[in-house]
Structure formats: C-alpha cells, structure tokens
>>> print(open('coords.txt').read())   # compact mmCIF, C-alpha atoms and all ligand atoms
# COMPACT_ATOMS: atom_id res chain seq x y z
CA MET R 21 122.56 31.92 161.35
CA ALA R 22 122.87 33.45 157.90
CA SER R 23 126.29 33.50 156.27
CA LYS R 24 128.27 36.71 156.50
CA ASN R 25 128.84 39.17 153.66
CA PRO R 26 132.46 40.08 152.86
CA ILE R 27 133.52 43.74 152.59
CA MET R 28 135.93 42.95 149.77
CA GLY R 29 134.53 42.16 146.34
CA ARG R 30 133.20 43.71 143.13
CA SER R 31 130.11 45.89 143.26
CA GLN R 32 126.98 44.39 141.77
CA ALA R 33 124.57 47.32 141.86
CA ALA R 34 124.62 49.94 139.09
CA ALA R 35 125.00 53.66 139.76
CA SER R 36 121.56 54.35 138.28
CA GLN R 37 120.01 51.84 140.72
CA MET R 38 121.75 53.46 143.66
CA VAL R 39 120.65 56.94 142.60
CA SER R 40 117.00 56.07 142.05
CA PHE R 41 116.88 54.11 145.32
CA VAL R 42 118.07 57.13 147.33
CA ARG R 43 116.06 59.65 145.30
CA GLY R 44 112.92 57.76 146.30
CA VAL R 45 113.52 59.17 149.79
CA ASN R 46 115.77 62.18 149.15
CA PRO R 47 114.97 63.85 145.80
CA ASN R 48 117.91 66.26 146.22
CA PHE R 49 120.51 63.49 146.27
CA ASN R 50 123.68 64.31 144.27
CA PRO R 51 124.29 61.38 141.83
CA GLU R 52 128.03 62.05 141.75
CA ILE R 53 128.26 60.41 145.19
CA ALA R 54 126.93 57.08 143.87
CA SER R 55 129.37 56.88 140.96
CA ASP R 56 132.26 57.83 143.26
CA PHE R 57 131.43 54.91 145.56
CA LEU R 58 131.55 52.49 142.63
CA ARG R 59 134.70 53.95 141.10
CA VAL R 60 136.70 54.25 144.32
CA GLY R 61 135.42 50.90 145.60
CA ASP R 62 136.70 49.23 142.41
CA ARG R 63 140.15 50.71 142.91
CA TYR R 64 140.38 49.04 146.34
CA GLY R 65 138.43 45.87 145.59
CA VAL R 66 135.87 46.99 148.21
CA ARG R 67 132.11 46.61 147.70
CA GLY R 68 131.38 50.26 146.86
CA ASP R 69 127.68 49.50 146.44
CA ILE R 70 127.37 48.19 150.01
CA ALA R 71 129.60 50.99 151.36
CA PHE R 72 127.07 53.31 149.73
CA CYS R 73 124.32 51.60 151.78
CA GLN R 74 126.44 52.08 154.88
CA SER R 75 126.33 55.81 154.05
CA ILE R 76 122.57 55.69 153.57
CA HIS R 77 122.45 54.36 157.13
CA GLU R 78 125.02 56.83 158.52
CA THR R 79 123.63 59.98 156.85
CA ASN R 80 119.91 59.21 156.92
CA TRP R 81 119.66 58.95 153.13
CA PHE R 82 122.27 61.67 152.59
CA ARG R 83 120.00 64.17 154.33
CA PHE R 84 122.39 64.31 157.30
CA GLY R 85 120.71 66.13 160.19
CA GLY R 86 122.95 64.54 162.84
CA ASP R 87 126.32 65.76 164.10
CA VAL R 88 127.91 65.56 160.62
CA LYS R 89 126.97 68.32 158.15
CA PRO R 90 126.57 67.77 154.36
CA ASN R 91 129.50 70.01 153.40
CA GLN R 92 131.93 67.83 155.38
CA ASN R 93 131.77 65.16 152.64
CA ASN R 94 131.96 62.64 155.46
CA PHE R 95 129.53 59.92 154.44
CA GLY R 96 130.63 57.27 156.91
CA GLY R 97 130.47 59.18 160.19
CA ILE R 98 134.27 58.99 160.36
CA GLY R 99 135.44 60.40 163.69
CA ALA R 100 131.90 61.43 164.63
CA THR R 101 131.73 59.72 167.99
CA GLY R 102 128.46 61.24 169.19
CA GLY R 103 127.58 64.01 171.61
CA GLY R 104 127.75 66.72 168.95
CA ASN R 105 131.25 65.83 167.73
CA PRO R 106 131.11 66.56 163.97
CA GLY R 107 134.00 64.21 163.06
CA HIS R 108 136.29 64.68 160.08
CA SER R 109 135.82 66.86 157.01
CA PHE R 110 137.02 66.15 153.50
CA ALA R 111 137.72 68.64 150.71
CA THR R 112 135.73 66.87 148.00
CA ILE R 113 133.09 64.19 147.61
CA GLU R 114 135.68 61.85 146.15
CA GLU R 115 138.07 62.40 149.05
CA GLY R 116 135.32 61.67 151.57
CA VAL R 117 134.30 58.52 149.72
CA THR R 118 137.95 57.47 149.44
CA ALA R 119 138.47 57.90 153.20
CA GLN R 120 135.47 55.68 153.89
CA ILE R 121 136.58 53.00 151.40
CA GLN R 122 140.11 53.11 152.85
CA HIS R 123 138.76 52.73 156.34
CA LEU R 124 136.72 49.69 155.26
CA TYR R 125 139.80 48.32 153.50
CA ALA R 126 141.74 48.69 156.76
CA TYR R 127 139.15 46.61 158.59
CA ALA R 128 138.78 43.99 155.88
CA THR R 129 142.39 43.23 154.96
CA ARG R 130 145.95 43.41 156.22
CA ASP R 131 147.26 44.37 152.76
CA PRO R 132 149.00 47.72 152.15
CA LEU R 133 147.05 50.37 150.24
CA PRO R 134 146.85 49.67 146.48
CA ALA R 135 149.80 51.15 144.55
CA GLY R 136 149.47 54.87 143.84
CA GLU R 137 146.66 55.44 146.33
CA PRO R 138 147.55 58.23 148.77
CA LEU R 139 146.32 57.81 152.33
CA VAL R 140 143.38 60.12 153.07
CA SER R 141 141.63 58.28 155.90
CA PRO R 142 142.71 60.04 159.09
CA ARG R 143 141.91 56.95 161.14
CA PHE R 144 143.49 54.24 158.97
CA HIS R 145 146.27 53.52 161.46
CA LEU R 146 143.88 53.32 164.39
CA VAL R 147 142.22 50.24 162.93
CA GLN R 148 143.26 46.74 163.96
CA ARG R 149 144.01 45.61 160.41
CA GLY R 150 141.94 42.71 159.14
CA SER R 151 139.79 42.59 162.27
CA ALA R 152 136.46 42.83 160.42
CA PRO R 153 136.46 41.06 157.02
CA ASN R 154 132.63 41.05 156.86
CA TRP R 155 130.05 43.82 157.12
CA GLU R 156 128.50 41.97 160.05
CA ASP R 157 131.83 42.22 161.94
CA LEU R 158 131.72 46.04 162.00
CA ALA R 159 129.28 46.25 164.91
CA GLY R 160 131.19 47.33 168.00
CA LYS R 161 134.11 48.43 165.79
CA TRP R 162 133.08 50.99 163.16
CA ALA R 163 129.97 51.73 165.17
CA VAL R 164 129.95 51.49 168.96
CA PRO R 165 127.99 49.84 170.48
CA GLY R 166 126.78 48.77 167.01
CA TYR R 167 123.14 48.27 167.99
CA ASP R 168 120.26 50.21 169.50
CA PRO R 169 120.67 49.87 173.28
CA ARG R 170 117.10 51.08 173.78
CA LYS R 171 115.87 47.98 171.96
CA TYR R 172 118.45 45.34 172.84
CA SER R 173 120.32 44.44 175.98
CA SER R 174 123.48 43.30 174.16
CA LEU R 175 125.12 43.07 170.76
CA GLN R 176 124.37 39.34 170.78
CA ALA R 177 120.67 40.02 171.24
CA ALA R 178 120.67 42.58 168.40
CA MET R 179 122.60 40.13 166.18
CA ALA R 180 120.06 37.39 166.88
CA ALA R 181 117.29 39.79 165.79
CA GLY R 182 119.24 40.76 162.65
CA GLU R 183 119.47 44.41 163.74
CA SER R 184 123.15 44.95 164.48
CA TYR R 185 125.07 47.67 162.56
CA GLY R 186 126.37 45.52 159.67
CA GLN R 187 123.16 43.55 159.37
CA LEU R 188 121.16 46.75 158.93
CA ILE R 189 123.54 47.84 156.16
CA ILE R 190 123.11 44.52 154.34
CA ARG R 191 119.35 44.80 154.75
CA ILE R 192 119.38 48.24 153.06
CA TYR R 193 121.51 46.78 150.27
CA GLN R 194 119.11 43.88 149.71
CA ARG R 195 116.17 46.26 149.59
CA MET R 196 118.03 48.41 147.07
CA ILE R 197 118.73 45.59 144.61
CA GLN R 198 115.32 44.01 145.06
CA THR R 199 113.18 47.12 144.71
CA THR R 200 115.11 49.06 142.07
CA PRO R 201 115.19 47.57 138.59
CA ALA R 202 118.65 46.87 137.25
CA PRO R 203 119.40 48.97 134.16
CA THR R 204 119.63 47.41 130.73
CA PRO R 205 123.31 46.66 130.37
CA ALA R 206 125.17 49.60 128.85
CA PRO R 207 127.93 48.92 126.34
CA SER R 208 130.95 47.97 128.41
CA LYS R 209 133.17 50.88 129.32
CA ASP R 210 136.39 50.00 127.58
CA ARG R 211 138.30 53.00 128.86
CA THR R 212 138.34 54.58 132.30
CA PHE R 213 140.03 57.72 133.51
CA ARG R 214 141.52 58.71 136.85
CA SER R 215 141.21 62.13 138.40
CA PHE R 216 143.60 63.79 140.80
CA SER R 217 143.63 66.76 143.13
CA ILE R 218 146.72 68.95 142.78
CA ASP R 219 148.44 67.18 145.70
CA GLN R 220 147.51 63.74 144.40
CA PHE R 221 148.78 64.69 140.97
CA GLN R 222 152.09 65.84 142.41
CA GLU R 223 152.59 62.41 143.96
CA TYR R 224 151.38 60.63 140.82
CA LEU R 225 153.81 62.59 138.65
CA GLN R 226 156.71 61.87 140.99
CA ASN R 227 156.09 58.14 140.67
CA LEU R 228 155.47 58.21 136.93
CA PRO R 229 158.26 56.58 134.89
CA THR R 230 160.12 58.97 132.61
CA PRO R 231 158.57 58.86 129.11
CA THR R 232 160.45 57.05 126.39
CA ARG R 233 160.39 60.16 124.13
CA PRO R 234 161.99 63.55 124.78
CA ILE R 235 159.65 66.25 126.11
CA ASN R 236 160.32 69.85 125.02
CA HIS R 237 157.08 71.82 125.29
CA ILE R 238 153.64 71.97 126.89
CA GLN R 239 150.57 72.69 124.76
CA ILE R 240 147.62 74.56 126.20
CA HIS R 241 144.18 73.99 124.66
CA HIS R 242 140.57 74.63 125.60
CA THR R 243 137.96 72.07 124.66
CA TRP R 244 135.61 74.80 123.31
CA LYS R 245 133.03 72.05 123.38
CA PRO R 246 132.31 70.54 125.92
CA ARG R 247 131.79 73.83 127.71
CA ILE R 248 132.19 74.24 131.47
CA THR R 249 128.43 73.88 131.82
CA ASP R 250 128.45 70.55 129.91
CA TYR R 251 130.82 68.89 132.38
CA THR R 252 129.43 65.85 134.24
CA GLY R 253 132.54 64.18 135.63
CA GLU R 254 134.25 61.13 134.13
CA GLN R 255 131.47 60.74 131.56
CA THR R 256 132.65 63.95 129.88
CA ILE R 257 136.22 62.68 129.56
CA TYR R 258 134.90 59.35 128.33
CA ASN R 259 132.77 61.08 125.69
CA MET R 260 135.83 62.95 124.42
CA TRP R 261 137.71 59.65 124.27
CA LYS R 262 134.83 58.12 122.34
CA TYR R 263 134.73 61.01 119.89
CA HIS R 264 138.49 61.02 119.36
CA THR R 265 138.74 57.25 118.84
CA GLN R 266 135.48 56.43 117.09
CA THR R 267 134.72 59.58 115.10
CA ASN R 268 138.26 60.85 114.49
CA GLY R 269 139.79 57.37 114.37
CA TRP R 270 142.68 58.27 116.68
CA ALA R 271 144.46 55.65 118.78
CA ASP R 272 143.38 57.21 122.09
CA ILE R 273 142.05 60.43 123.58
CA ALA R 274 144.04 63.31 122.07
CA GLN R 275 145.37 64.91 125.25
CA HIS R 276 147.60 63.73 128.07
CA PHE R 277 145.77 65.69 130.75
CA THR R 278 142.39 67.37 131.11
CA VAL R 279 141.57 70.02 133.70
CA SER R 280 137.90 70.00 134.66
CA PRO R 281 135.84 72.89 136.08
CA ASP R 282 135.86 71.28 139.55
CA GLY R 283 139.64 71.65 139.68
CA LEU R 284 140.48 68.00 139.01
CA ILE R 285 143.27 66.83 136.74
CA TRP R 286 142.33 63.80 134.59
CA ASP R 287 144.77 61.43 133.01
CA GLY R 288 144.54 60.59 129.32
CA ARG R 289 146.86 59.47 126.56
CA PRO R 290 150.03 57.93 128.06
CA LEU R 291 153.00 60.33 128.07
CA ASP R 292 155.00 57.86 125.96
CA GLN R 293 152.77 58.76 123.01
CA ILE R 294 152.80 62.08 121.14
CA PRO R 295 149.50 63.95 121.45
CA ALA R 296 147.00 64.84 118.75
CA GLY R 297 147.11 68.52 119.63
CA ILE R 298 148.63 70.87 117.05
CA GLN R 299 148.88 69.69 113.49
CA GLY R 300 152.57 69.35 112.57
CA HIS R 301 153.77 70.44 116.02
CA ASN R 302 153.14 67.51 118.32
CA THR R 303 156.58 65.95 118.63
CA GLY R 304 157.98 66.56 122.10
CA GLY R 305 154.69 67.94 123.34
CA ILE R 306 152.61 67.34 126.42
CA MET R 307 149.03 68.29 125.68
CA ILE R 308 146.69 69.85 128.23
CA GLU R 309 142.99 70.38 127.52
CA ILE R 310 141.13 72.77 129.79
CA ILE R 311 137.41 72.06 129.74
CA GLY R 312 135.53 75.19 128.72
CA ASN R 313 135.04 77.78 126.00
CA PHE R 314 137.37 80.63 126.85
CA ASP R 315 136.65 82.76 123.81
CA GLN R 316 135.87 86.38 124.59
CA GLY R 317 132.44 86.76 126.17
CA GLU R 318 131.95 83.03 126.71
CA GLU R 319 133.26 81.23 129.82
CA ARG R 320 136.04 82.15 132.25
CA LEU R 321 139.07 80.23 133.45
CA GLU R 322 139.03 80.99 137.17
CA GLY R 323 138.86 79.59 140.69
CA SER R 324 139.83 75.99 141.32
CA GLN R 325 140.07 75.24 137.59
CA LEU R 326 142.61 78.02 137.08
CA GLU R 327 144.49 76.91 140.16
CA ALA R 328 144.63 73.28 138.99
CA THR R 329 145.73 74.33 135.48
CA VAL R 330 148.50 76.56 136.74
CA HIS R 331 149.77 73.97 139.21
CA LEU R 332 149.62 71.23 136.57
CA VAL R 333 151.73 73.34 134.20
CA ARG R 334 154.16 74.25 136.98
CA LEU R 335 154.58 70.60 138.06
CA LEU R 336 155.17 69.50 134.46
CA LEU R 337 157.72 72.27 133.87
CA THR R 338 159.62 71.17 136.96
CA ARG R 339 159.44 67.46 136.22
CA PHE R 340 160.64 67.85 132.62
CA ASN R 341 163.11 70.65 133.21
CA LEU R 342 161.28 73.14 131.01
CA GLN R 343 161.01 76.95 131.13
CA LEU R 344 158.07 79.32 130.78
CA ARG R 345 159.07 79.86 127.13
CA ASP R 346 158.31 76.17 126.51
CA ILE R 347 154.60 76.78 127.08
CA VAL R 348 152.75 76.86 123.74
CA PHE R 349 149.24 78.10 123.02
CA HIS R 350 147.57 76.15 120.18
CA ARG R 351 146.83 79.38 118.30
CA GLU R 352 150.55 80.13 117.91
CA HIS R 353 150.62 77.43 115.23
CA SER R 354 147.07 77.61 113.91
CA GLY R 355 144.30 79.93 112.79
CA LYS R 356 142.14 78.87 115.74
CA THR R 357 141.66 80.99 118.85
CA CYS R 358 142.51 78.01 121.11
CA PRO R 359 142.84 78.11 124.14
CA GLY R 360 140.35 80.96 123.75
CA SER R 361 140.49 84.60 122.67
CA GLY R 362 139.65 85.54 126.27
CA LEU R 363 142.97 84.13 127.53
CA SER R 364 146.04 86.28 127.00
CA LYS R 365 149.25 84.33 126.98
CA GLU R 366 151.03 87.03 128.96
CA TRP R 367 148.43 86.75 131.72
CA PHE R 368 148.62 82.97 131.69
CA LEU R 369 152.42 82.92 131.97
CA GLU R 370 152.15 85.40 134.84
CA GLN R 371 149.82 83.01 136.69
CA VAL R 372 152.29 80.15 136.21
CA GLN R 373 155.20 82.38 137.23
CA GLN R 374 153.41 83.32 140.42
CA VAL R 375 153.08 79.71 141.50
CA GLU R 376 156.56 78.91 140.37
CA ASP R 377 158.20 81.46 142.62
CA GLY R 378 156.66 79.87 145.72
CA TYR R 379 154.52 82.83 146.82
CA PRO R 380 150.75 82.54 147.19
CA PRO R 381 148.78 83.76 144.15
CA GLN R 382 148.13 87.52 144.00
CA THR R 383 151.11 88.38 146.22
CA PRO R 384 152.02 92.00 145.37
CA LEU R 385 155.41 92.55 143.80
CA TRP R 386 156.73 94.80 146.60
CA LYS R 387 156.18 92.06 149.17
CA LYS R 388 157.99 89.58 146.96
CA GLU R 389 160.89 91.98 146.50
CA ALA R 390 161.21 92.41 150.25
CA MET R 391 161.10 88.67 150.83
CA ASP R 392 163.46 87.90 147.95
CA TRP R 393 166.00 90.26 149.55
CA MET R 394 165.87 88.20 152.76
CA TYR R 395 166.68 85.07 150.75
CA GLU R 396 169.40 86.74 148.65
CA GLN R 397 171.07 87.94 151.85
CA GLY R 398 170.86 84.43 153.29
CA LEU R 399 168.77 85.63 156.23
CA LEU R 400 165.99 83.20 155.30
CA THR R 401 166.74 79.88 153.63
CA HIS R 402 163.75 77.55 153.95
CA PRO R 403 161.18 78.04 151.13
CA MET R 404 158.25 77.64 153.54
CA TRP R 405 158.52 81.26 154.70
CA LYS R 406 157.40 82.35 151.24
CA GLU R 407 154.10 80.55 151.78
CA LYS R 408 153.67 82.17 155.19
CA LEU R 409 154.75 85.67 154.35
CA GLU R 410 151.81 87.26 156.18
CA GLU R 411 152.56 85.42 159.44
CA PRO R 412 154.88 86.59 162.19
CA LEU R 413 158.22 84.87 162.52
CA PRO R 414 158.49 82.61 165.59
CA LEU R 415 161.00 83.79 168.19
CA TRP R 416 163.55 81.09 167.40
CA ALA R 417 163.52 81.98 163.73
CA TYR R 418 163.85 85.64 164.62
CA ALA R 419 166.92 84.71 166.70
CA ILE R 420 168.47 82.92 163.72
CA VAL R 421 167.81 85.87 161.42
CA LEU R 422 169.48 88.19 163.95
CA GLN R 423 172.50 85.87 164.31
CA ARG R 424 172.92 85.69 160.54
CA PHE R 425 172.58 89.43 160.27
CA ARG R 426 175.25 89.98 162.93
CA GLU R 427 177.61 87.58 161.16
CA LYS R 428 177.12 89.54 157.96
CA ILE R 429 177.90 92.96 159.38
CA ASN R 430 180.88 91.79 161.46
ZN ZN M 501 143.59 73.50 120.69
>>> encode(input="coords.txt", output="structure tokens")
Amino acid sequence: MASKNPIMGRSQAAASQMVSFVRGVNPNFNPEIASDFLRVGDRYGVRGDIAFCQSIHETNWFRFGGDVKPNQNNFGGIGATGGGNPGHSFATIEEGVTAQIQHLYAYATRDPLPAGEPLVSPRFHLVQRGSAPNWEDLAGKWAVPGYDPRKYSSLQAAMAAGESYGQLIIRIYQRMIQTTPAPTPAPSKDRTFRSFSIDQFQEYLQNLPTPTRPINHIQIHHTWKPRITDYTGEQTIYNMWKYHTQTNGWADIAQHFTVSPDGLIWDGRPLDQIPAGIQGHNTGGIMIEIIGNFDQGEERLEGSQLEATVHLVRLLLTRFNLQLRDIVFHREHSGKTCPGSGLSKEWFLEQVQQVEDGYPPQTPLWKKEAMDWMYEQGLLTHPMWKEKLEEPLPLWAYAIVLQRFREKIN
C-alpha cells in the first residue's frame, strides 16, 4: 500500500503549471483561481496545489455542469450533497477558495485558524477536527461515499484499486506535475501583499496595533498608471512596490492602502511609517492609492471600487478619530490633478458622509430627515433600523415605539 499524502504542507506546483494543465482541457479557465489556491494555501500551511486538483475533480476542470454553478465560486462542492442541491455560494473567488482551504484545514489539524483569518467556511464546525490528516482519508468524509458505487462494492475495494476520492485527487496532481513543465524559476518574490474585503478589513483594522506616530489626515490619490484596465491582482501591487523601491529608491511601497477595481483593499507600507504621498505634507498622513486614471474623460471610480474606497476612508476616520475635513486630495498641495480631475472633492466627501451616517448609499435626504427625527425623539435607538429603512417594523418594535411615544406625550 502506497504511503499517504498529507493535506498540510507547502505547495510545490507553480501557478503557471496549474493554469496550463487546466487550460489543456478548459481553455476558458480563469488563472486568478490558480494563484488564489497557492496564496491562500500558504496562509494556512495547506497544500494549495493539491486542493486545486481536488477542485479539478469536483468541478470537472472548472467547467462545472453539475449541481454547483460557476458563479457560486464554490470549487470544492461545499454543501453540495447531491440530488440537485447547489451547496454554498461565496462572494468572490478568493472567498470560495478560502472556504475550501479552511475546510481542509479543519479536517487536517486540530489547531485554531491562523491569526487574523476570519472564518468563511460555513461547515468548519461540522468537521470532526483532525479526522483526516491525509488526502486519502477524505473518502467517506468530504465526499460520501467517496468512491464510485457503480464500479466498486465498498470503499475498501475502491481503495485497493486506487480509485477512492483522495487517491483520484493525488492522481490528478501527479499527472499535473509530470505532464506540465515546471517554469524557469522566477526571481524570488521578496514582498507579498494581502487583500481584504470591506468586512475583512474592518476586522483587520480593529486588531491592528495603534501606530507609533500620530495620525492627523488621510491622503487620497489615484495611481494614474496602472489604469483600471491594467490591473491583474497582486502582481499589480507588487509591480508598484518594485517601481517604488527599485526605481525610486524608496524604503517600501509608497502607500499604506491600495483599492483595486475589484473592490479589494490591499495592505502596503506599515502604518508606523510616514507615506511617500505628497511632497512636504506626509507627516501624520495615511496614504490611499485608488487604482485607475480618474482624470476627466478617462476612467470612472464607481461600483465596488467606489464602495471599498468610501468604506476604507470611513473606517480609518473612525479608528483614528478624524473628521471629514481631515481628508486631503493630493492636488490640494500640488500642481497635479491627483486623484483625478474627474473626481470632485465635494462629491467624494458626500459619498463618505453617506456611509458615515449609517444609511445605505443613495438614500434621499427626506427619508434621512424622517428617520433622524425618530432617533432624536428617542423613538428608535438601535442603529440597525437605519440600514433597514425600507422594511416594515416588526410588531414588537412597533409596540416599543408606541410605548415610548406615549411616555413622551404624558
Ligand atoms: Zn497623488
């Protein structure tokens, strides 16, 4: 009997190998998925390259076609128990990959999640922790029954033939590394960057130690170049880092945070260090770069990128006790148009203000005024009603409002 292959460990395949292996079968494969498996796998110490092969098995080479649909970003069949049940959905590719890696981590170890990693796997707590340290142990656990019952009478029989769930995954992996040439080694990546959704960033910021220098303003910049259309994920942030350190000779990437067109917030220079943002005006600053060229007639700050930018600014204002007047556009201290002649500061502050007051974006003023009156009068107290201002009040809440109202007029 061949030795088993552990789930925990460092990936050995390269992203380019993984992509060309899958593209041999599915030319439309999105390469972002492969790099996410490696990156997220590394954060958990899980073999992201083999997890990727598990997904090849689960999704029929990322062509799907079973109960799970491509837009669910569910690459591991999580919660898809057969009979048309589509299973879980995840907001982004990275979230779906993270859920799968977390689920594998739950099977492979009894350790808590790595520090700073928010739980996204909806089934993490259903797993008997540490019950499957090897890929071969997943048959009958991740996948039930874990073999093809039309071909084999039992799991033992499938195991003996090398065709149980985990064994098939390992076989795909071996084919991948044997048939796809390894790339010539690239120069080692000496700097990596983490990306966050708005919710993840909120948690990250809460746990971040207070910087050793005073913070008194937030700088807003656009990258101008790279443009929105140049963005290719972490590589783009890395290229900026490379340019800033190697060409400009700076100690690190200039900015503390970068907002990418897909609505992710990337980390950068540590907050303890002043940014390289506005010549002569960097002390006390937190520097935000928004990827894009927002000069008139070029690109637009909108959608998830706008939402992430506005939430990032709002979260930083709250964390560092700053006001709207502490937001600085680069051009206020320079002849440049940065963050773009197409962005009016008044409009930008309005967007931040709208998030800050707790109402959903685009809420008309007259609705806010009506709601604000309810709060001023003490008839509503919990901030959640602001987020649900289009929904009817439940009866019990209605009863409380009436009681409070009666107390007021008596
Ligand atoms: Zn700038």
>>> residues_near_ligand(input="coords.txt", ligand="ligand ZN 501 (chain M)", cutoff="8 Å", atoms="all atoms listed in the file", output="PyMOL selection string")
chain R and resi 240-243+297-298+309+349-351+356-359
>>> write_last_selection(input="coords.txt", atoms="C-alpha atoms", output="PDB file, in the coordinates of the input")
ATOM      1  CA  ILE R 240     147.620  74.560 126.200  1.00  0.00           C
ATOM      2  CA  HIS R 241     144.180  73.990 124.660  1.00  0.00           C
ATOM      3  CA  HIS R 242     140.570  74.630 125.600  1.00  0.00           C
ATOM      4  CA  THR R 243     137.960  72.070 124.660  1.00  0.00           C
ATOM      5  CA  GLY R 297     147.110  68.520 119.630  1.00  0.00           C
ATOM      6  CA  ILE R 298     148.630  70.870 117.050  1.00  0.00           C
ATOM      7  CA  GLU R 309     142.990  70.380 127.520  1.00  0.00           C
ATOM      8  CA  PHE R 349     149.240  78.100 123.020  1.00  0.00           C
ATOM      9  CA  HIS R 350     147.570  76.150 120.180  1.00  0.00           C
ATOM     10  CA  ARG R 351     146.830  79.380 118.300  1.00  0.00           C
ATOM     11  CA  LYS R 356     142.140  78.870 115.740  1.00  0.00           C
ATOM     12  CA  THR R 357     141.660  80.990 118.850  1.00  0.00           C
ATOM     13  CA  CYS R 358     142.510  78.010 121.110  1.00  0.00           C
ATOM     14  CA  PRO R 359     142.840  78.110 124.140  1.00  0.00           C
TER      15      PRO R 359
END
>>> atom_distance(input="coords.txt", atom1="atom CA of R:Thr383", atom2="atom CA of R:Phe221")
24.4 Å
>>> atom_distance(input="coords.txt", atom1="atom CA of R:Gln382", atom2="atom CA of R:His331")
14.5 Å
>>> residues_near_point(input="coords.txt", point="(140.5, 48.3, 152.4)", cutoff="10 Å", atoms="all atoms listed in the file", output="list in words")
Ile27, Met28, Gly61, Arg63, Tyr64, Gly65, Val66, Arg67, Thr118, Ala119, Gln120, Ile121, Gln122, His123, Leu124, Tyr125, Ala126, Tyr127, Ala128, Thr129, Arg130, Asp131, Pro132, Leu133, Pro134, Phe144, Arg149, Gly150 and Pro153 of chain R
>>> atom_distance(input="coords.txt", atom1="atom CA of R:Ala271", atom2="atom CA of R:Glu137")
27.6 Å
>>> residues_around(input="coords.txt", residues="R:Gly68", least_positions_apart="4", cutoff="9 Å", atoms="all atoms listed in the file", output="tab-separated table (two decimals) with C-alpha atoms, keeping the file's coordinate frame")
chain	number	residue	atom	x	y	z
R	27	ILE	CA	133.52	43.74	152.59
R	29	GLY	CA	134.53	42.16	146.34
R	30	ARG	CA	133.20	43.71	143.13
R	31	SER	CA	130.11	45.89	143.26
R	32	GLN	CA	126.98	44.39	141.77
R	33	ALA	CA	124.57	47.32	141.86
R	54	ALA	CA	126.93	57.08	143.87
R	56	ASP	CA	132.26	57.83	143.26
R	57	PHE	CA	131.43	54.91	145.56
R	58	LEU	CA	131.55	52.49	142.63
R	59	ARG	CA	134.70	53.95	141.10
R	60	VAL	CA	136.70	54.25	144.32
R	61	GLY	CA	135.42	50.90	145.60
R	62	ASP	CA	136.70	49.23	142.41
R	72	PHE	CA	127.07	53.31	149.73
R	73	CYS	CA	124.32	51.60	151.78
R	121	ILE	CA	136.58	53.00	151.40
>>> closest_residue(input="coords.txt", among="R:Gly253, R:Gly104, R:Gly136, R:Gly186", to="R:Ser75", atoms="all atoms listed in the file")
R:Gly186
>>> closest_residue(input="coords.txt", among="R:Thr199, R:Gly102, R:Val421, R:Ile311", to="R:Lys245", atoms="all atoms listed in the file")
R:Ile311
>>> closest_residue(input="coords.txt", among="R:Met196, R:Leu399, R:Val147, R:Ala328", to="R:Val45", atoms="all atoms listed in the file")
R:Met196
>>> closest_residue(input="coords.txt", among="R:Ser23, R:Asn48, R:Asn227, R:Asn302", to="R:Val348", atoms="only C-alpha atoms")
R:Asn302
>>> closest_residue(input="coords.txt", among="R:Ser364, R:Gln176, R:Thr200, R:Thr101", to="R:Ser40", atoms="only C-alpha atoms")
R:Thr200
>>> closest_residue(input="coords.txt", among="R:Ile98, R:Gly182, R:Ile113, R:Tyr258", to="R:Asn50", atoms="all atoms listed in the file")
R:Ile113
>>> residues_around(input="coords.txt", residues="stretch 385-397 of chain R", least_positions_apart="5", cutoff="9 Å", atoms="all atoms listed in the file", output="ChimeraX atom specification")
/R:379,402-403,405-406,409,425,428
>>> axis_aligned_box(input="coords.txt", around="stretch 112-116 of chain R", padding_each_side="8 Å", output="JSON")
{"center_x": 135.6, "center_y": 64.3, "center_z": 148.9, "size_x": 21.0, "size_y": 21.2, "size_z": 21.4}
>>> residues_around(input="coords.txt", residues="R:Leu326", least_positions_apart="2", cutoff="9 Å", atoms="only C-alpha atoms", output="number ranges by chain")
R: 279, 281, 283, 321-324, 328-331, 371
>>> write_last_selection(input="coords.txt", atoms="C-alpha atoms", output="JSON list (two decimals), in the coordinates of the input")
[["chain", "number", "residue", "atom", "x", "y", "z"],
["R", 279, "VAL", "CA", 141.57, 70.02, 133.70],
["R", 281, "PRO", "CA", 135.84, 72.89, 136.08],
["R", 283, "GLY", "CA", 139.64, 71.65, 139.68],
["R", 321, "LEU", "CA", 139.07, 80.23, 133.45],
["R", 322, "GLU", "CA", 139.03, 80.99, 137.17],
["R", 323, "GLY", "CA", 138.86, 79.59, 140.69],
["R", 324, "SER", "CA", 139.83, 75.99, 141.32],
["R", 328, "ALA", "CA", 144.63, 73.28, 138.99],
["R", 329, "THR", "CA", 145.73, 74.33, 135.48],
["R", 330, "VAL", "CA", 148.50, 76.56, 136.74],
["R", 331, "HIS", "CA", 149.77, 73.97, 139.21],
["R", 371, "GLN", "CA", 149.82, 83.01, 136.69]]
>>> closest_atom_pairs(input="coords.txt", of="stretch 138-242 of chain R", to="stretch 76-88 of chain R", cutoff="12 Å", atoms="all atoms listed in the file", output="tab-separated table")
residue	atom	partner	partner_atom	distance
R:Trp162	CA	R:Glu78	CA	11.0
R:Ala163	CA	R:Glu78	CA	9.7
R:Gly166	CA	R:Glu78	CA	11.8
R:Ser184	CA	R:His77	CA	12.0
R:Tyr185	CA	R:His77	CA	9.0
R:Gly186	CA	R:His77	CA	10.0
R:Gln187	CA	R:His77	CA	11.1
R:Leu188	CA	R:His77	CA	7.9
R:Ile189	CA	R:His77	CA	6.7
R:Ile190	CA	R:His77	CA	10.2
R:Arg191	CA	R:His77	CA	10.3
R:Ile192	CA	R:His77	CA	8.0
R:Tyr193	CA	R:Ile76	CA	9.6
R:Met196	CA	R:Ile76	CA	10.8
